[in-house]
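Q: First the structure, then my questions, so here it is.
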Amino acid sequence: MLLQKMETVVESDSEEQDRSGESEEEEEDDREPMKMERSVSASQELVLKLDELCPESYRVNSPDQIRLLAISDNFQRQYSLLYPDRKPLLLCPVNECGVRKFVSLTLRPTPAFFPELFNWEGCASFVADFLSLDPLEPPVDLPRYLFSSSSVLLNQSATCFESATLLCSLLLGTHYDAYCVSGYAVREMCLMDYSLQECPLLDTPVKSNISEEEPQENKYTVKHLREMKSHFLTQLEKKKQEAEAALLQKQKPQENEQLPADPLRGLRVHCWVLVLSGSRSVRENFFIDPLSGNSYPTDDGNFLGIESVWNNFNYYANMQDCRAGCTDMVYDLEDLKLWEPLLYGATSKKQLIIEVSKKKESRMISKFTNNEEEDEQPRVFEMPRHWVSYIKISQKDLESRWPGRQKVTRYRKAKLEKFAAYLREDGLVTRLTRYKDLDCTEVVTVKEWFHHRNDFLEERDINKEANFTRERFKRGRLSSLMCHRYTTKSTDTERVMEFRREHLENMVRRVESLDEMIEFFEGRKDFLHCRHVFFIPLDQFSQTDLDCQLRVRPIEKVVERFRRDRSKPASKDVAERAFLLNERRMELTYHLEDNRFIPSKRSFVKPLEATDKKKAEDFRVDMVSSFQVDPSEKPLKTLTLYKMLMSLMEDEKEVVLQVKKSKEEVQKILDCREQEEAKDQIHFCPWTTDGVTQARSQREEMERLEEEEQLWLQEREKDILAPLLLRLNDTETLSTADAKQIHQECLSEFKQRLVEQANLIQERYEKETKELQRKQQSFQKKQEEGYQTYCSEKVLRIDVAKKRLIMHKEAALHKYKALDQRLKRDPRLAPHLLN
C-alpha cells in the first residue's frame, strides 16, 4: 500500500536528509536545461535574466522545502512503480529562477481588496481576461515549469497550470475550498477554441422556451373559448417545420466536417480549479475553467479525467477509474480509498477549522477548571510556508483587464470583441457581431455596449438584414429618451422612440411611419393614453412642393383615445375623439355603459370661417348628429351643443399645436444626436486611473494656457503700438500708409505728452513762486513766527521745480529721438518706413 510506504519516509529523518542532498544536486544539474527550455518567449527570457532581482525564497529552498522535495520524489517513485500505465504526477516543477518547487507551495492565498474580486465569478473573470494563453508544448505532457503568480501577472501570459494557480490563490484568499486539478480535457477547452460554441451573450432558445412556459391551469378559473383552427393549415405548418428540421439535420454534418476528430482526445493535459461545497454558501461541487472563467458541473463532458488535485495544505492523487470521464467521481478527499494524500495525517482546511473551534472550547473550559495540562500528540510533517511573493492586483489591472487592453474571441457564427474603458474614443467596451455563415463573411447583426458616454448611450443594435438600428440610453438625457429604433436618420422615416416617465407630456412611446405617427401616454390627468395622427400622403404633393412640405406635413386626421374616468358617467366620458381636418368634422365616441355593448356617439361639423367676401357661418342644429344608447336620456340642448363645438374647436387647435411640437421634438432629438456623434463622446470618471490621468493632464493644460495668457498680457502692456493697432481692423498685415500714419501718430502723441508734462512742471514752478511772493508781502504788513522756515521750504521747492523743468527740456529731445528710432526698428513698421 502506497500509504504505508509513505509512513516510513516520514519517520526516518536521516534518510530524508540524504535524499535532500541528492535533490539539491539534481536542482543544480537541472537548472540550466530548464532555463533553456523555458526561454520560449521574449517576456520569459526577460524574467530569467532578472534572477538576481527575485527574492531569496525564489532562488533557495528552506530545510522544510528540501524535506518536502524528498518526500515528493519518493511519492513519485512509488506511484510510478504501482501504476506504471499512468503518467507521472506534477509535483515539483521549476520556477522562473530554475529552482524546483512543490506545487502546493506555489499557491499563496491572497485576500481581495476590490469588490470585483469578492466572489468566484469576479476572480474567474479577471484571470480569464487578464492572462493570455501560453499553450503546452507538447500538449500531452505536463509542464516542467510553473511560474509564480506575481511573475505571471507581470507577463500577462500563462499556461493553464499557471492560470489555475493564480485563480486558486485568489479563491483561497476569499475563503473558498478550492483546489487545482491536473487532468485531461477536450481540445476546444485546452486551446480556447470556441468556434463551435454559441456565444454566451446570444439569446439561446432555452431561455425563450422558459419564458414561454404556460402557467398551470387552475380548475376554478373560467375556461377560455375554444380556439377555432384549420386542420389543413395546421398540417401545412407541421410539414413546413419538418422540412426545416430536415434541412438543419443536413447542414449539421457539413458544419461538423469542418473540425476533424481530435487524435489526441483523452491525452491533452489541462489544469482547472475544483471548488468543494461547504464554504461561502457553496451547495454543490463545481469546476472553473481558468481560461474562459466559466463554471461547469463536475460531470461535464469537457473534462475527460483527473490525475491529482492540490491546495495549500496537501496533495492528493486520484485512485478512481476515469475511463468514463469525471461523471462518476467522488470528491471526498478524506476517503483514502479514493484519494491518496502526499502528507498522511496533515491538517486539511476542514480539520483546521474544527481544531480551531476545539481549541477555543478547551481554553474556555480551562478557565473554569484550571486544568492547563494537555495530551501531547506526535506531530506530523505539515506543508511548509509558500515561497511566492505577495500577489499585487492594482486598480489599473482591473481596468485595463486584457493584454493590450482588448480581446477578440470567435464563436460559432459570432465574434466577440472586448475593450478596456477609455481605450476607444466612442466609449465602446463590447461588440458582438453575428454572421450568417460559418466562415463569418456575411454580417447579420452587430450589438455594441458603451460606457462613460456624454450622451448616455448604453447599447446599440444594428440589424443588417432588417435594416434598422436600435439605440438604448441611460437616465440623464434632457429629452428623457430611453430607446430609439430607426431605419435612417432622416425625419420622415419609420422610427420608434421610447421615453421614461420623466417626459414632460408623460409620453412613453412614439411610433412614426411615412404617413402616420402614434404617441402613447401614461399617468396623464386628462386620461389620454393614445394619439394617432394621419398625415396627407406624399403622393398627393407635386414634385415642386415636395421639398417644402417634407419638413411640416399637413395633418389629415387625429384620433385620441382616453381611459375611463370613474368620476363621470360613461355617457359623458369620451373614449375616442377624432378630428377630421380635411372634412371639417369632429367625432366623439363615449365609453361603454354597464350592460351595454354599443357606445354612444356624437359627430360635429365645423361652421365655415369668415372671409373677405363672406361672413362666418352660423351654428345650426343639423351640424350635430348624435346616437344615444339610452333612449330614456334627454337630448342635449342647442346651447350645450354649441358650447361643446366651440370647446372641440379649441381642442383641435391645441392638438394640432401638440403635433407640431412633437415633430419639432423629433427633429431636435435627431439634430442633437448628430451633434453628439460629432463631438467628444466620453467623459472620464475621476475615480478611475484613466480619469485621474486625464484630470491631471487637463489641469496641466489649463495652467499652461493661463501662463501663456499672462505672458501675452505682459507683452501687450510693454508694446507701445498696441493702443494704435486696436484702431485698425486688420493688425496682421499693415500697409505703407497705415505704418506711416501709426509712426506719425505715435510721435505726435509722445510729443504732446512731453509738452503736457513740461507745462505741469511750469505750473508748479509758477504756483510756488506766487505763494512765496504773497507770503513776503504779508510779512511786510505784520510779523509772523515761522516765516524764515516757510521761506526756506518754498525756495527749496522752487529750485526743485526749476531744475526738473530744465532736466525735462534736455531729456525730451533725446526721448523723442529714441522713440523715433524704436519705431523705425519695429518689425511691423520697419519695411514701410524705410521706403
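Ordered as shown in the C-alpha cells, chains take letters A, B, and onward, while each chain numbers its residues from 1 and ligands are numbered from 1 in the order shown.
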Within 12 Å of stretch 57-67 of chain A, which residues of stretch 119-152 of chain A show up? Give each one with its shortest atom-to-atom distance in Å (one decimal) and the two atoms involved, counting only C-alpha atoms, rows by chain then rising residue number, as CSV.

A:
residue,atom,partner,partner_atom,distance
A:Leu146,CA,A:Tyr58,CA,11.9
A:Phe147,CA,A:Tyr58,CA,10.0
A:Ser148,CA,A:Tyr58,CA,8.9
A:Ser150,CA,A:Tyr58,CA,11.4
A:Ser151,CA,A:Tyr58,CA,11.0

Q: Can you pull out the residues contacting A:Thr487? Cut-off 9 Å, using only C-alpha atoms, and skip same-chain residues under 3 positions away; I want them as a ChimeraX atom specification.

A: /A:466-470,490,493-495

Q: Residues as selected, C-alpha atoms, written as a CSV table (one decimal), in the first residue's frame, can you do that?

A:
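Dumped to out-v8.csv:
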chain,number,residue,atom,x,y,z
A,466,ALA,CA,-34.0,44.0,-41.3
A,467,ASN,CA,-32.1,47.3,-42.0
A,468,PHE,CA,-32.8,49.0,-38.7
A,469,THR,CA,-30.7,50.4,-35.8
A,470,ARG,CA,-31.8,50.4,-32.1
A,490,SER,CA,-33.9,61.4,-41.7
A,493,THR,CA,-38.9,57.5,-41.9
A,494,GLU,CA,-40.0,54.6,-39.8
A,495,ARG,CA,-38.8,55.1,-36.2

Q: Skipping near chain neighbours, those fewer than 5 positions away, what residues fall within 8 Å of stretch 161-166 of chain A using only C-alpha atoms, listed as a list in words?

A: Thr106, Leu107, Val127, Ala128, Leu131, Leu146, Phe147, Ser148, Ser149, Val152, Cys180, Ser182, His270, Cys271, Trp272, Val273, Asp289, Pro290 and Leu291 of chain A

Q: Could you pull the residues within 6 Å of A:Asp515, counting only C-alpha atoms, minus those fewer than 2 positions along the same chain, as a VMD selection string?

A: chain A and resid 513 535 537

Q: Quick one: distance from atom CA of A:Leu172 to atom CA of A:Thr110 in Å, one decimal?

A: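 Atom CA of A:Thr110 lies at a distance of 7.0 Å from atom CA of A:Leu172.
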
Q: Taking into account only C-alpha atoms, which residue in the set A:Ala124, A:Val800, A:Leu154, A:Ala317 is nearest to A:Arg86?

A: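 Under the stated criterion, the closest residue is A:Ala317.
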
Q: Run DSSP on the backbone and grab whatever in stretch 368-458 of chain A lands in strand (DSSP E or B); send it over as a CSV table (one decimal) with all heavy atoms, in the first residue's frame.

A:
chain,number,residue,atom,x,y,z
A,406,GLN,N,-7.5,44.9,-25.0
A,406,GLN,CA,-8.6,44.4,-25.8
A,406,GLN,C,-8.4,43.0,-26.1
A,406,GLN,O,-7.3,42.4,-26.0
A,406,GLN,CB,-8.6,45.2,-27.1
A,406,GLN,CG,-7.4,45.1,-28.0
A,406,GLN,CD,-7.5,46.0,-29.2
A,406,GLN,OE1,-8.5,46.6,-29.5
A,406,GLN,NE2,-6.4,46.0,-30.0
A,407,LYS,N,-9.6,42.3,-26.5
A,407,LYS,CA,-9.6,40.9,-26.7
A,407,LYS,C,-10.6,40.5,-27.7
A,407,LYS,O,-11.7,41.1,-27.7
A,407,LYS,CB,-9.9,40.2,-25.4
A,407,LYS,CG,-9.8,38.6,-25.5
A,407,LYS,CD,-10.1,38.0,-24.1
A,407,LYS,CE,-10.1,36.5,-24.2
A,407,LYS,NZ,-10.5,35.9,-22.9
A,408,VAL,N,-10.3,39.6,-28.6
A,408,VAL,CA,-11.2,39.1,-29.6
A,408,VAL,C,-11.4,37.6,-29.5
A,408,VAL,O,-10.4,36.9,-29.4
A,408,VAL,CB,-10.7,39.5,-31.0
A,408,VAL,CG1,-11.7,39.0,-32.1
A,408,VAL,CG2,-10.5,41.0,-31.2
A,409,THR,N,-12.7,37.2,-29.4
A,409,THR,CA,-13.0,35.8,-29.2
A,409,THR,C,-14.0,35.4,-30.3
A,409,THR,O,-15.0,36.1,-30.5
A,409,THR,CB,-13.6,35.5,-27.9
A,409,THR,OG1,-12.8,36.0,-26.8
A,409,THR,CG2,-13.8,34.0,-27.7
A,410,ARG,N,-13.7,34.3,-31.0
A,410,ARG,CA,-14.6,33.9,-32.1
A,410,ARG,C,-15.4,32.7,-31.7
A,410,ARG,O,-14.9,31.7,-31.1
A,410,ARG,CB,-13.8,33.5,-33.3
A,410,ARG,CG,-13.0,34.7,-33.9
A,410,ARG,CD,-12.4,34.4,-35.3
A,410,ARG,NE,-11.8,35.6,-35.9
A,410,ARG,CZ,-12.4,36.5,-36.6
A,410,ARG,NH1,-13.7,36.3,-36.9
A,410,ARG,NH2,-11.8,37.5,-37.1
A,411,TYR,N,-16.7,32.8,-31.9
A,411,TYR,CA,-17.6,31.7,-31.6
A,411,TYR,C,-18.3,31.2,-32.9
A,411,TYR,O,-17.9,31.7,-33.9
A,411,TYR,CB,-18.7,32.2,-30.6
A,411,TYR,CG,-18.2,32.6,-29.2
A,411,TYR,CD1,-17.8,33.9,-28.9
A,411,TYR,CD2,-18.1,31.6,-28.2
A,411,TYR,CE1,-17.4,34.2,-27.7
A,411,TYR,CE2,-17.6,32.0,-26.9
A,411,TYR,CZ,-17.3,33.3,-26.7
A,411,TYR,OH,-16.8,33.6,-25.5
A,414,ALA,N,-20.2,33.9,-34.8
A,414,ALA,CA,-20.2,35.2,-34.0
A,414,ALA,C,-18.8,35.5,-33.7
A,414,ALA,O,-17.9,34.7,-33.6
A,414,ALA,CB,-21.0,35.0,-32.7
A,415,LYS,N,-18.6,36.8,-33.4
A,415,LYS,CA,-17.3,37.3,-33.0
A,415,LYS,C,-17.5,38.3,-31.9
A,415,LYS,O,-18.3,39.3,-32.0
A,415,LYS,CB,-16.5,38.0,-34.1
A,415,LYS,CG,-15.2,38.6,-33.7
A,415,LYS,CD,-14.4,39.2,-34.9
A,415,LYS,CE,-15.1,40.4,-35.4
A,415,LYS,NZ,-14.3,41.1,-36.4
A,416,LEU,N,-16.8,38.1,-30.7
A,416,LEU,CA,-17.0,38.9,-29.5
A,416,LEU,C,-15.7,39.7,-29.3
A,416,LEU,O,-14.6,39.2,-29.2
A,416,LEU,CB,-17.3,38.1,-28.3
A,416,LEU,CG,-17.5,38.8,-27.0
A,416,LEU,CD1,-18.7,39.8,-27.1
A,416,LEU,CD2,-17.7,37.9,-25.8
A,417,GLU,N,-15.8,41.1,-29.3
A,417,GLU,CA,-14.7,42.0,-29.1
A,417,GLU,C,-14.9,42.7,-27.8
A,417,GLU,O,-16.0,43.3,-27.6
A,417,GLU,CB,-14.5,43.0,-30.2
A,417,GLU,CG,-14.4,42.3,-31.6
A,417,GLU,CD,-14.4,43.3,-32.7
A,417,GLU,OE1,-13.4,44.0,-33.0
A,417,GLU,OE2,-15.5,43.4,-33.3
A,418,LYS,N,-13.9,42.7,-26.9
A,418,LYS,CA,-14.0,43.5,-25.7
A,418,LYS,C,-12.8,44.5,-25.6
A,418,LYS,O,-11.7,44.2,-26.0
A,418,LYS,CB,-13.9,42.5,-24.5
A,418,LYS,CG,-15.1,41.6,-24.4
A,418,LYS,CD,-15.1,40.7,-23.2
A,418,LYS,CE,-16.3,39.8,-23.0
A,418,LYS,NZ,-16.3,39.0,-21.8
A,419,PHE,N,-13.2,45.6,-25.1
A,419,PHE,CA,-12.2,46.7,-25.0
A,419,PHE,C,-12.2,47.3,-23.6
A,419,PHE,O,-13.2,47.3,-22.9
A,419,PHE,CB,-12.5,47.9,-26.0
A,419,PHE,CG,-12.7,47.4,-27.4
A,419,PHE,CD1,-13.9,47.0,-27.9
A,419,PHE,CD2,-11.6,47.3,-28.2
A,419,PHE,CE1,-14.1,46.6,-29.2
A,419,PHE,CE2,-11.8,46.8,-29.6
A,419,PHE,CZ,-13.0,46.5,-30.0
A,428,LEU,N,-16.7,52.6,-26.6
A,428,LEU,CA,-17.1,51.2,-26.9
A,428,LEU,C,-16.3,50.2,-26.0
A,428,LEU,O,-15.1,50.3,-25.9
A,428,LEU,CB,-16.9,50.8,-28.3
A,428,LEU,CG,-17.3,49.4,-28.8
A,428,LEU,CD1,-18.8,49.2,-28.7
A,428,LEU,CD2,-16.8,49.2,-30.2
A,429,VAL,N,-17.0,49.3,-25.3
A,429,VAL,CA,-16.4,48.3,-24.4
A,429,VAL,C,-16.6,46.9,-24.9
A,429,VAL,O,-15.8,46.0,-24.6
A,429,VAL,CB,-16.8,48.5,-22.9
A,429,VAL,CG1,-16.4,49.8,-22.4
A,429,VAL,CG2,-18.4,48.4,-22.8
A,430,THR,N,-17.7,46.7,-25.6
A,430,THR,CA,-18.0,45.3,-26.0
A,430,THR,C,-18.8,45.4,-27.4
A,430,THR,O,-19.7,46.3,-27.5
A,430,THR,CB,-18.9,44.5,-25.1
A,430,THR,OG1,-18.3,44.6,-23.8
A,430,THR,CG2,-19.1,43.1,-25.5
A,431,ARG,N,-18.4,44.5,-28.3
A,431,ARG,CA,-19.0,44.5,-29.6
A,431,ARG,C,-19.3,43.0,-30.0
A,431,ARG,O,-18.3,42.2,-30.0
A,431,ARG,CB,-18.2,45.2,-30.7
A,431,ARG,CG,-18.9,45.1,-32.1
A,431,ARG,CD,-18.0,45.5,-33.2
A,431,ARG,NE,-17.7,46.9,-33.2
A,431,ARG,CZ,-16.5,47.4,-33.4
A,431,ARG,NH1,-15.5,46.7,-33.5
A,431,ARG,NH2,-16.4,48.8,-33.3
A,432,LEU,N,-20.5,42.6,-30.2
A,432,LEU,CA,-20.8,41.3,-30.6
A,432,LEU,C,-21.4,41.3,-32.1
A,432,LEU,O,-22.4,42.0,-32.3
A,432,LEU,CB,-21.9,40.7,-29.7
A,432,LEU,CG,-22.5,39.3,-30.0
A,432,LEU,CD1,-21.4,38.3,-30.0
A,432,LEU,CD2,-23.6,38.9,-29.1
A,433,THR,N,-20.7,40.6,-32.9
A,433,THR,CA,-21.1,40.6,-34.4
A,433,THR,C,-21.5,39.2,-34.7
A,433,THR,O,-20.8,38.2,-34.5
A,433,THR,CB,-19.9,40.9,-35.3
A,433,THR,OG1,-19.3,42.2,-34.8
A,433,THR,CG2,-20.3,41.0,-36.7
A,434,ARG,N,-22.7,39.0,-35.2
A,434,ARG,CA,-23.3,37.8,-35.6
A,434,ARG,C,-23.2,37.7,-37.2
A,434,ARG,O,-23.5,38.6,-37.9
A,434,ARG,CB,-24.8,37.6,-35.2
A,434,ARG,CG,-24.9,37.6,-33.7
A,434,ARG,CD,-26.4,37.4,-33.3
A,434,ARG,NE,-26.9,36.2,-33.9
A,434,ARG,CZ,-28.2,35.8,-33.8
A,434,ARG,NH1,-29.1,36.6,-33.2
A,434,ARG,NH2,-28.6,34.7,-34.3
A,435,TYR,N,-22.9,36.4,-37.6
A,435,TYR,CA,-22.7,36.2,-39.1
A,435,TYR,C,-23.7,35.1,-39.5
A,435,TYR,O,-24.3,34.4,-38.7
A,435,TYR,CB,-21.3,35.7,-39.4
A,435,TYR,CG,-20.2,36.7,-39.0
A,435,TYR,CD1,-19.6,36.7,-37.7
A,435,TYR,CD2,-19.8,37.7,-39.9
A,435,TYR,CE1,-18.7,37.6,-37.4
A,435,TYR,CE2,-18.9,38.6,-39.6
A,435,TYR,CZ,-18.3,38.5,-38.3
A,435,TYR,OH,-17.3,39.5,-38.0
A,443,VAL,N,-22.4,39.6,-42.4
A,443,VAL,CA,-22.8,40.1,-41.1
A,443,VAL,C,-24.3,40.2,-41.1
A,443,VAL,O,-25.0,40.6,-42.0
A,443,VAL,CB,-22.2,41.5,-40.9
A,443,VAL,CG1,-22.7,42.0,-39.5
A,443,VAL,CG2,-20.7,41.5,-40.9
A,444,VAL,N,-24.9,39.7,-40.0
A,444,VAL,CA,-26.3,39.7,-39.8
A,444,VAL,C,-26.7,40.9,-38.8
A,444,VAL,O,-27.5,41.7,-39.1
A,444,VAL,CB,-26.8,38.4,-39.2
A,444,VAL,CG1,-28.4,38.4,-39.0
A,444,VAL,CG2,-26.5,37.3,-40.2
A,445,THR,N,-26.1,40.8,-37.6
A,445,THR,CA,-26.4,41.9,-36.6
A,445,THR,C,-25.1,42.3,-35.9
A,445,THR,O,-24.1,41.5,-35.8
A,445,THR,CB,-27.4,41.4,-35.5
A,445,THR,OG1,-26.8,40.2,-34.9
A,445,THR,CG2,-28.7,41.0,-36.1
A,446,VAL,N,-25.1,43.5,-35.4
A,446,VAL,CA,-23.9,44.0,-34.6
A,446,VAL,C,-24.5,44.6,-33.4
A,446,VAL,O,-25.4,45.5,-33.5
A,446,VAL,CB,-23.1,45.0,-35.4
A,446,VAL,CG1,-22.0,45.6,-34.6
A,446,VAL,CG2,-22.6,44.4,-36.7
A,447,LYS,N,-24.1,44.2,-32.2
A,447,LYS,CA,-24.6,44.7,-31.0
A,447,LYS,C,-23.4,45.3,-30.2
A,447,LYS,O,-22.4,44.6,-30.1
A,447,LYS,CB,-25.3,43.6,-30.1
A,447,LYS,CG,-26.0,44.2,-28.9
A,447,LYS,CD,-26.8,43.2,-28.2
A,447,LYS,CE,-27.6,43.8,-27.0
A,447,LYS,NZ,-28.5,42.8,-26.4
A,448,GLU,N,-23.5,46.5,-29.8
A,448,GLU,CA,-22.4,47.3,-29.1
A,448,GLU,C,-22.9,47.8,-27.7
A,448,GLU,O,-24.0,48.2,-27.6
A,448,GLU,CB,-22.0,48.4,-30.0
A,448,GLU,CG,-21.4,48.0,-31.3
A,448,GLU,CD,-21.1,49.2,-32.2
A,448,GLU,OE1,-21.8,50.3,-32.0
A,448,GLU,OE2,-20.3,49.1,-33.1
A,449,TRP,N,-22.0,47.7,-26.8
A,449,TRP,CA,-22.2,48.2,-25.4
A,449,TRP,C,-21.2,49.4,-25.2
A,449,TRP,O,-20.0,49.2,-25.5
A,449,TRP,CB,-22.0,47.1,-24.4
A,449,TRP,CG,-23.1,46.1,-24.3
A,449,TRP,CD1,-24.2,46.1,-23.5
A,449,TRP,CD2,-23.2,44.9,-25.2
A,449,TRP,NE1,-25.0,45.0,-23.8
A,449,TRP,CE2,-24.4,44.3,-24.8
A,449,TRP,CE3,-22.4,44.4,-26.2
A,449,TRP,CZ2,-24.8,43.1,-25.4
A,449,TRP,CZ3,-22.8,43.2,-26.7
A,449,TRP,CH2,-24.0,42.6,-26.3
A,450,PHE,N,-21.6,50.4,-24.5
A,450,PHE,CA,-20.8,51.6,-24.3
A,450,PHE,C,-20.8,51.9,-22.8
A,450,PHE,O,-21.7,51.6,-22.1
A,450,PHE,CB,-21.3,52.8,-25.1
A,450,PHE,CG,-21.4,52.6,-26.6
A,450,PHE,CD1,-22.5,52.0,-27.2
A,450,PHE,CD2,-20.3,53.0,-27.4
A,450,PHE,CE1,-22.6,51.8,-28.5
A,450,PHE,CE2,-20.4,52.7,-28.7
A,450,PHE,CZ,-21.5,52.2,-29.3
A,453,ARG,N,-20.4,57.5,-21.7
A,453,ARG,CA,-20.7,58.3,-22.8
A,453,ARG,C,-21.4,59.6,-22.3
A,453,ARG,O,-22.2,59.7,-21.4
A,453,ARG,CB,-21.7,57.6,-23.7
A,453,ARG,CG,-21.1,56.4,-24.5
A,453,ARG,CD,-20.6,56.8,-25.8
A,453,ARG,NE,-21.5,57.4,-26.7
A,453,ARG,CZ,-21.4,57.4,-28.0
A,453,ARG,NH1,-20.4,56.8,-28.6
A,453,ARG,NH2,-22.3,57.9,-28.8
A,457,LEU,N,-25.5,57.1,-24.0
A,457,LEU,CA,-25.7,55.9,-24.9
A,457,LEU,C,-25.2,54.6,-24.2
A,457,LEU,O,-24.0,54.6,-23.7
A,457,LEU,CB,-25.1,56.0,-26.2
A,457,LEU,CG,-25.3,54.9,-27.2
A,457,LEU,CD1,-26.7,54.7,-27.5
A,457,LEU,CD2,-24.5,55.1,-28.5
A,458,GLU,N,-26.0,53.6,-24.1
A,458,GLU,CA,-25.6,52.4,-23.4
A,458,GLU,C,-25.5,51.2,-24.3
A,458,GLU,O,-24.6,50.4,-24.2
A,458,GLU,CB,-26.7,52.1,-22.3
A,458,GLU,CG,-26.3,51.0,-21.3
A,458,GLU,CD,-27.3,50.9,-20.2
A,458,GLU,OE1,-28.5,51.3,-20.4
A,458,GLU,OE2,-27.0,50.3,-19.2

Q: By how many Å are atom CA of A:Ala570 and atom CA of A:Tyr590 apart?

A: 6.7 Å

Q: From a DSSP calculation on the backbone, collect every residue of stretch 395-590 of chain A in alpha helix (DSSP H) and output the set as number ranges by chain.

A: A: 395-400, 543-551

Q: Mind checking which residues fall within 12 Å of stretch 341-343 of chain A, counting only C-alpha atoms, ignoring those fewer than 5 positions away in the same chain, and posting them as a ChimeraX atom specification?

A: /A:2-10,67-76,78-79,89,91,102-104,308-319,332-336,348,380-384

Q: Which residues are close to stretch 483-486 of chain A, i.e. within 12 Å by only C-alpha atoms, leaving aside same-chain residues fewer than 5 positions away? Reply as a PyMOL selection string.

A: chain A and resi 456-463+466-475+477+491-500+508-513+666+669-670+673

Q: For the residues in the current selection, export C-alpha atoms as a short mmCIF file (atom, residue, chain, number, x, y, z; two decimals), in the first residue's frame.

A:
data_model
loop_
_atom_site.label_atom_id
_atom_site.label_comp_id
_atom_site.auth_asym_id
_atom_site.auth_seq_id
_atom_site.Cartn_x
_atom_site.Cartn_y
_atom_site.Cartn_z
CA PHE A 456 -25.70 58.44 -22.02
CA LEU A 457 -25.72 55.88 -24.85
CA GLU A 458 -25.65 52.39 -23.36
CA GLU A 459 -26.41 49.91 -26.16
CA ARG A 460 -26.69 49.94 -29.94
CA ASP A 461 -28.11 47.14 -32.11
CA ILE A 462 -27.54 47.23 -35.87
CA ASN A 463 -29.58 44.71 -37.85
CA ALA A 466 -33.97 44.03 -41.32
CA ASN A 467 -32.11 47.31 -41.98
CA PHE A 468 -32.76 49.05 -38.67
CA THR A 469 -30.73 50.44 -35.78
CA ARG A 470 -31.77 50.42 -32.14
CA GLU A 471 -30.12 52.63 -29.50
CA ARG A 472 -30.71 52.45 -25.77
CA PHE A 473 -29.81 55.26 -23.33
CA LYS A 474 -29.34 55.51 -19.58
CA ARG A 475 -31.04 58.06 -17.36
CA ARG A 477 -30.90 62.89 -21.07
CA THR A 491 -37.13 62.89 -40.24
CA ASP A 492 -39.79 61.16 -42.36
CA THR A 493 -38.93 57.53 -41.89
CA GLU A 494 -40.01 54.61 -39.76
CA ARG A 495 -38.82 55.05 -36.19
CA VAL A 496 -39.81 54.17 -32.64
CA MET A 497 -38.89 56.30 -29.64
CA GLU A 498 -39.43 55.20 -26.05
CA PHE A 499 -39.27 57.69 -23.19
CA ARG A 500 -39.02 57.48 -19.44
CA VAL A 508 -43.79 56.66 -23.02
CA ARG A 509 -43.66 55.74 -26.72
CA ARG A 510 -43.79 57.36 -30.14
CA VAL A 511 -44.11 55.32 -33.35
CA GLU A 512 -43.57 57.05 -36.67
CA SER A 513 -44.05 55.85 -40.21
CA VAL A 666 -38.22 64.61 -33.09
CA ILE A 669 -33.54 64.92 -30.93
CA LEU A 670 -32.14 63.97 -34.34
CA ARG A 673 -27.80 63.07 -31.78
#
